[in-house]
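What follows is a set of notes on a single structure, which appears directly below.
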Amino acid sequence: MIITATEFKMNLGKYLELVSNEDVFITKNGKIIAKLTIPQSNKIAALRSLVGIAKGKEDVSLDEIKKERLRRQ
């Protein structure tokens, strides 16, 4: 959901409840200035980005996995 900063200020409680179901993007002068999200969603996104990186590489080191992940971004 995208809302203005003024709308966010006027209805803070409403958007704090809403954020448990979806991200809230806050705009000012037509530009997105902030994203309100629950902390767990960032962890889930990070986990999803790691899936498949080390598939079939049982002897690979943690440093190699990190380098591969960074290379793919």
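We name chains A, B, ... following the order of the structure tokens; residues begin at 1 in each chain, and ligands are numbered from 1 as shown.
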
Worksheet entry | Residue neighbourhood A:Glu7, 10 Å, only C-alpha atoms, exclusion window fewer than 5 positions, as a PyMOL selection string | chain A and resi 12+15+26-27

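Residues in contact with A:Asn29 at 10 Å, where only C-alpha atoms are counted and same-chain residues fewer than 2 positions away are skipped, are listed as Thr4, Ala5, Thr27, Lys31, Ile32 and Ile33 of chain A.
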
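Between atom CA of A:Asn21 and atom CA of A:Lys9 the separation is 19.4 Å.
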
Discussion item. With distances taken over only C-alpha atoms, which residue among A:Met10, A:Met1, A:Leu70, A:Glu64 lies nearest A:Leu36?
Written reply: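 When distances to A:Leu36 are compared using only C-alpha atoms, the smallest one comes from A:Met1.
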